[in-house]
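Undergrad: Here it is, the structure, as structure tokens.
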Amino acid sequence: MSAPVAPPGWSRWLVPPAALSVHLSIGQAYAWSVFKPPLESALGLSGTQSALPFQLGIVMLGLSAAFGGTLVERHGPRWAMTVALVCFSSGFLLSALGAATSQYWLIVFGYGVVGGIGLGIGYISPVSTLIKWFPDRPGLATGIAIMGFGGGALIASPWSARMLDSFGQDHTGIALAFLVHGLTYAVFMSLGVLLIRVPRPRPAPAGAPDPAAPGSGDGIRVSARSAVRTPQFWCLWVVLCMNVTAGIGILEKAAPMITDFFATSSAPVTASAAAGFVALLSAANMAGRLGWSATSDLIGRKNVYRLYLGAGALMYLLIALFGGASKPVFVICALVILSFYGGGFATIPAYLKDLFGTYQVGAIHGRLLTAWSTAGVLGPLIVNWLADREAAAGKEGPDLYALSLGIMIGLLVVGFLANELVRPVHPRHHLPAPAAPPAPKEATHGTD
């Protein structure tokens with residue numbers, strides 16, 4: 001099921017929309033919280049239980065990306081997008097069956113395990129293809145696609161809420177909403193499967209540039225197996241883990257955090273205002289994936305991560321010092337942090353391409369996403385556990401988060417130092433360049 005090779009004159013700008021159709025779909029994961037209250041009410045679940053499908057889905061995202069990355073490279077983007085379509089849509093269909101029969105374990109298995117595999121394979125499916133099409137602007141190309149994962153919730157959240165209002169919030173209404181999700185996303189992701197193309201293997205002749213065949217990159221070729229043995233890979237693992245931990249710590253607890261910060265002030269934050277704050281964070285997450293990744297093409301990957309981690313630590317410091325006294329400071333700093341969170345995801349494939357080449361960048365990216373799985377547990381754990389502990393000690397307002405904010409600053413400093421340690425990969429890890437095809441022999445003509 002290999003993707004067809006693009007014909008001459010085919011525009012490479014058709015590849016990002018193909019990737020975007022997949023990422024906008026699987027980005028629904030960030031809208032899972034819409035289903036939490038109805039599930040808790042209809043099935044008698046606790047908040048921890050209703051969060052389990054999402055948490056398991058993120059864990060499976062990292063694991064399936066890590067173990068499936070090599071298969072994605074071997075079989076190509078069309079195969080990967082098809083696997084993602086089948087798993088992600090099937091996860092919703094299994095969840096619909098679980099909701100209809102009040103079998104919560106089936107929702108956990110369907111959305112968390114089967115759907116989570118679709119998340120991981122779908123997330124990395126277009127990466128190496130985009131980088132091969134856009135060796136001149138890899139940050140912009142991957143940013144356009146990965147922007148969809150951050151923005152998928154902006155579509156899925158109101159859409160899901162409206163369906164639950166129409167179908168009802170009992171187990172039957174939830175089942176119908178899951179069913180519609182599964183079928184709709186199957187159709188939408190099919191657009192990407194049908195549209196995806198790979199560049200022609202031979203570059204255009206010298207002197208005749210062809211934007212549909214931009215070439216294969218800078219010549220660095222490092223296999224995924226060799227990449228994980230390099231210090232560069234593990235430095236980037238720490239960089240990504242620290243950046244994601246800092247961002248997801250706010251994202252996961254955004255509404256209660258802003259409410260708690262100003263609960264004792266003269267103008268407490270209402271529930272509707274807190275919901276608006278969450279929407280703003282999603283928009284910043286999405287905008288950062290495109291804006292900062294495109295900026296990395298201009299200033300370099302290492303410099304933009306210096307910004308993410310260094311300025312991110314400064315934003316957390318400003319929240320800790322002044323956030324409780326000023327809503328604008330709190331909101332602006334949080335928006336900047338979430339833009340760095342999204343930008344970090346979108347920039348990392350181009351950073352990997354710079355260090356390891358395009359040869360197996362999709363597989364390397366998949367292995368690196370285990371940092372996301374780790375951060376997905378670490379960030380919420382730090383913020384929630386410490387806030388609960390401080391509340392039990394009688395603290396309130398910004399004091400609930402003082403210690404966790406300090407920890408986030410420390411983690412970002414660790415990530416900053418890890419980024420500074422990144423150096424070009426030693427040539428001993430490089431694979432030899434593929435042999436060039438023999439030049440055609442010139443025809444000889446006899447003379448009279």
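Letters A, B, ... mark the chains of the structure tokens in the order given; residue numbers begin at 1 per chain; ligand numbers begin at 1, in order shown.
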Near Thr129 (chain A), within 10 Å and counting only C-alpha atoms, which residues show up once chain neighbours fewer than 5 positions away are dropped, as an NGL selection string?
TA: :A and (15-16 or 19 or 73 or 76-77 or 124 or 134 or 141-142 or 196-199 or 358 or 361-362)
Undergrad: Could you pull out the alpha helix (DSSP H) residues of region 177-350 of chain A from DSSP and send them as a PyMOL selection string?
TA: chain A and resi 177-195+224-227+231-251+254-261+271-299+301-306+312-322+327-350
Undergrad: What lies within 12 Å of Lys253 (chain A) using only C-alpha atoms, ignoring chain neighbours under 2 positions off, as a PyMOL selection string?
TA: chain A and resi 33+246-251+255-261+274-275+277-278+281+334+379-385+387+401
Undergrad: Considering only C-alpha atoms, state which residue in the set A:Val377, A:Ala42, A:Val244, A:Leu154 is at the smallest distance from Gly57 (chain A).
TA: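 Selected residue with least distance to Gly57 (chain A): A:Val377.
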Undergrad: Between A:Arg389, A:His23, A:Arg306, A:His75, which is the closest to Phe149 (chain A) once you count only C-alpha atoms?
TA: A:His23
Undergrad: Between A:Leu93, A:Ala186, A:Met286, A:Ala177, which one has atoms that come closest to Tyr30 (chain A), using only C-alpha atoms?
TA: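 Among A:Leu93, A:Ala186, A:Met286, A:Ala177, it is A:Met286 that comes nearest to Tyr30 (chain A).
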Undergrad: Within 12 Å of Ala320 (chain A), counting only C-alpha atoms, which residues show up once you throw out same-chain ones fewer than 4 positions away? Write them as a ChimeraX atom specification, please.
TA: /A:261,313-316,324-326,329-330,333-334,397-409
Undergrad: Selection from above, N, CA and C atoms, as a PDB file, in the first residue's frame, can you write it?
TA:
ATOM      1  N   PHE A 261      -6.011  30.683  41.489  1.00  0.00           N
ATOM      2  CA  PHE A 261      -5.096  31.804  41.616  1.00  0.00           C
ATOM      3  C   PHE A 261      -5.801  33.065  42.092  1.00  0.00           C
ATOM      4  N   ALA A 313      11.079  29.373  31.187  1.00  0.00           N
ATOM      5  CA  ALA A 313      11.410  29.465  32.617  1.00  0.00           C
ATOM      6  C   ALA A 313      11.115  30.863  33.149  1.00  0.00           C
ATOM      7  N   LEU A 314      11.398  31.882  32.329  1.00  0.00           N
ATOM      8  CA  LEU A 314      11.112  33.259  32.738  1.00  0.00           C
ATOM      9  C   LEU A 314       9.606  33.485  32.899  1.00  0.00           C
ATOM     10  N   MET A 315       8.801  32.917  31.986  1.00  0.00           N
ATOM     11  CA  MET A 315       7.345  33.066  32.088  1.00  0.00           C
ATOM     12  C   MET A 315       6.822  32.426  33.381  1.00  0.00           C
ATOM     13  N   TYR A 316       7.345  31.253  33.711  1.00  0.00           N
ATOM     14  CA  TYR A 316       6.925  30.600  34.953  1.00  0.00           C
ATOM     15  C   TYR A 316       7.330  31.439  36.166  1.00  0.00           C
ATOM     16  N   GLY A 324      -0.435  36.105  40.670  1.00  0.00           N
ATOM     17  CA  GLY A 324      -1.569  36.190  41.568  1.00  0.00           C
ATOM     18  C   GLY A 324      -2.108  37.599  41.761  1.00  0.00           C
ATOM     19  N   ALA A 325      -1.296  38.601  41.384  1.00  0.00           N
ATOM     20  CA  ALA A 325      -1.724  39.992  41.546  1.00  0.00           C
ATOM     21  C   ALA A 325      -2.228  40.605  40.254  1.00  0.00           C
ATOM     22  N   SER A 326      -2.032  39.937  39.142  1.00  0.00           N
ATOM     23  CA  SER A 326      -2.387  40.524  37.844  1.00  0.00           C
ATOM     24  C   SER A 326      -2.885  39.441  36.898  1.00  0.00           C
ATOM     25  N   VAL A 329      -0.963  39.432  33.462  1.00  0.00           N
ATOM     26  CA  VAL A 329       0.343  38.774  33.541  1.00  0.00           C
ATOM     27  C   VAL A 329       0.175  37.258  33.526  1.00  0.00           C
ATOM     28  N   PHE A 330      -0.758  36.754  34.331  1.00  0.00           N
ATOM     29  CA  PHE A 330      -0.992  35.313  34.385  1.00  0.00           C
ATOM     30  C   PHE A 330      -1.386  34.774  33.009  1.00  0.00           C
ATOM     31  N   CYS A 333       1.504  35.163  30.208  1.00  0.00           N
ATOM     32  CA  CYS A 333       2.600  34.209  30.440  1.00  0.00           C
ATOM     33  C   CYS A 333       2.156  32.780  30.118  1.00  0.00           C
ATOM     34  N   ALA A 334       0.933  32.420  30.513  1.00  0.00           N
ATOM     35  CA  ALA A 334       0.434  31.071  30.220  1.00  0.00           C
ATOM     36  C   ALA A 334       0.299  30.858  28.712  1.00  0.00           C
ATOM     37  N   GLY A 397      -5.156  30.008  47.055  1.00  0.00           N
ATOM     38  CA  GLY A 397      -4.706  30.993  46.082  1.00  0.00           C
ATOM     39  C   GLY A 397      -3.415  30.567  45.392  1.00  0.00           C
ATOM     40  N   PRO A 398      -2.558  31.519  45.037  1.00  0.00           N
ATOM     41  CA  PRO A 398      -1.307  31.188  44.354  1.00  0.00           C
ATOM     42  C   PRO A 398      -0.387  30.275  45.155  1.00  0.00           C
ATOM     43  N   ASP A 399      -0.550  30.265  46.474  1.00  0.00           N
ATOM     44  CA  ASP A 399       0.314  29.419  47.313  1.00  0.00           C
ATOM     45  C   ASP A 399       0.132  27.937  47.003  1.00  0.00           C
ATOM     46  N   LEU A 400      -1.012  27.571  46.435  1.00  0.00           N
ATOM     47  CA  LEU A 400      -1.237  26.174  46.073  1.00  0.00           C
ATOM     48  C   LEU A 400      -0.243  25.700  45.026  1.00  0.00           C
ATOM     49  N   TYR A 401       0.262  26.633  44.194  1.00  0.00           N
ATOM     50  CA  TYR A 401       1.077  26.254  43.046  1.00  0.00           C
ATOM     51  C   TYR A 401       2.512  26.771  43.124  1.00  0.00           C
ATOM     52  N   ALA A 402       2.884  27.400  44.228  1.00  0.00           N
ATOM     53  CA  ALA A 402       4.217  27.991  44.327  1.00  0.00           C
ATOM     54  C   ALA A 402       5.314  26.940  44.136  1.00  0.00           C
ATOM     55  N   LEU A 403       5.175  25.805  44.808  1.00  0.00           N
ATOM     56  CA  LEU A 403       6.208  24.778  44.723  1.00  0.00           C
ATOM     57  C   LEU A 403       6.253  24.142  43.342  1.00  0.00           C
ATOM     58  N   SER A 404       5.088  23.851  42.754  1.00  0.00           N
ATOM     59  CA  SER A 404       5.077  23.226  41.433  1.00  0.00           C
ATOM     60  C   SER A 404       5.626  24.175  40.368  1.00  0.00           C
ATOM     61  N   LEU A 405       5.368  25.484  40.503  1.00  0.00           N
ATOM     62  CA  LEU A 405       5.931  26.444  39.555  1.00  0.00           C
ATOM     63  C   LEU A 405       7.453  26.467  39.660  1.00  0.00           C
ATOM     64  N   GLY A 406       7.965  26.390  40.885  1.00  0.00           N
ATOM     65  CA  GLY A 406       9.410  26.335  41.068  1.00  0.00           C
ATOM     66  C   GLY A 406      10.021  25.088  40.442  1.00  0.00           C
ATOM     67  N   ILE A 407       9.332  23.966  40.578  1.00  0.00           N
ATOM     68  CA  ILE A 407       9.827  22.722  39.970  1.00  0.00           C
ATOM     69  C   ILE A 407       9.845  22.841  38.447  1.00  0.00           C
ATOM     70  N   MET A 408       8.800  23.445  37.871  1.00  0.00           N
ATOM     71  CA  MET A 408       8.752  23.620  36.415  1.00  0.00           C
ATOM     72  C   MET A 408       9.912  24.486  35.931  1.00  0.00           C
ATOM     73  N   ILE A 409      10.241  25.527  36.669  1.00  0.00           N
ATOM     74  CA  ILE A 409      11.388  26.362  36.303  1.00  0.00           C
ATOM     75  C   ILE A 409      12.661  25.519  36.287  1.00  0.00           C
TER      76      ILE A 409
END
Undergrad: Write out as a list in words the residues lying within 12 Å of Leu431 (chain A), counting only C-alpha atoms and excluding same-chain residues fewer than 3 positions away.
TA: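 Once the adjacent positions are removed, what remains is Gly219, Ile220, Arg221, Val222, Ser223, Ala224, Arg225, Ser226, Ala227, Phe356, Gly357, Thr358, Tyr359, Gln360, Val425, His426, Pro427, Arg428, Pro434 and Ala435 of chain A.
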Undergrad: Mind dumping the selected residues with C-alpha atoms as a PDB file, in the first residue's frame?
TA:
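Saved the output as selection22.pdb:
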ATOM      1  CA  GLY A 219      23.369  13.723   2.769  1.00  0.00           C
ATOM      2  CA  ILE A 220      23.472  12.721   6.478  1.00  0.00           C
ATOM      3  CA  ARG A 221      22.130   9.182   6.876  1.00  0.00           C
ATOM      4  CA  VAL A 222      21.740   7.759  10.390  1.00  0.00           C
ATOM      5  CA  SER A 223      19.559   4.728  11.073  1.00  0.00           C
ATOM      6  CA  ALA A 224      17.050   4.692  13.906  1.00  0.00           C
ATOM      7  CA  ARG A 225      19.009   1.917  15.616  1.00  0.00           C
ATOM      8  CA  SER A 226      22.195   3.984  15.569  1.00  0.00           C
ATOM      9  CA  ALA A 227      20.424   7.213  16.504  1.00  0.00           C
ATOM     10  CA  PHE A 356      20.281  12.533  11.641  1.00  0.00           C
ATOM     11  CA  GLY A 357      19.169  13.264   8.074  1.00  0.00           C
ATOM     12  CA  THR A 358      15.960  12.172   6.411  1.00  0.00           C
ATOM     13  CA  TYR A 359      16.840   8.481   6.035  1.00  0.00           C
ATOM     14  CA  GLN A 360      14.783   7.152   8.986  1.00  0.00           C
ATOM     15  CA  VAL A 425      26.420  13.552  15.198  1.00  0.00           C
ATOM     16  CA  HIS A 426      29.838  11.901  14.919  1.00  0.00           C
ATOM     17  CA  PRO A 427      30.502  10.517  11.422  1.00  0.00           C
ATOM     18  CA  ARG A 428      30.998   7.007  12.828  1.00  0.00           C
ATOM     19  CA  PRO A 434      24.037   5.171  -1.531  1.00  0.00           C
ATOM     20  CA  ALA A 435      25.944   4.419  -4.680  1.00  0.00           C
TER      21      ALA A 435
END
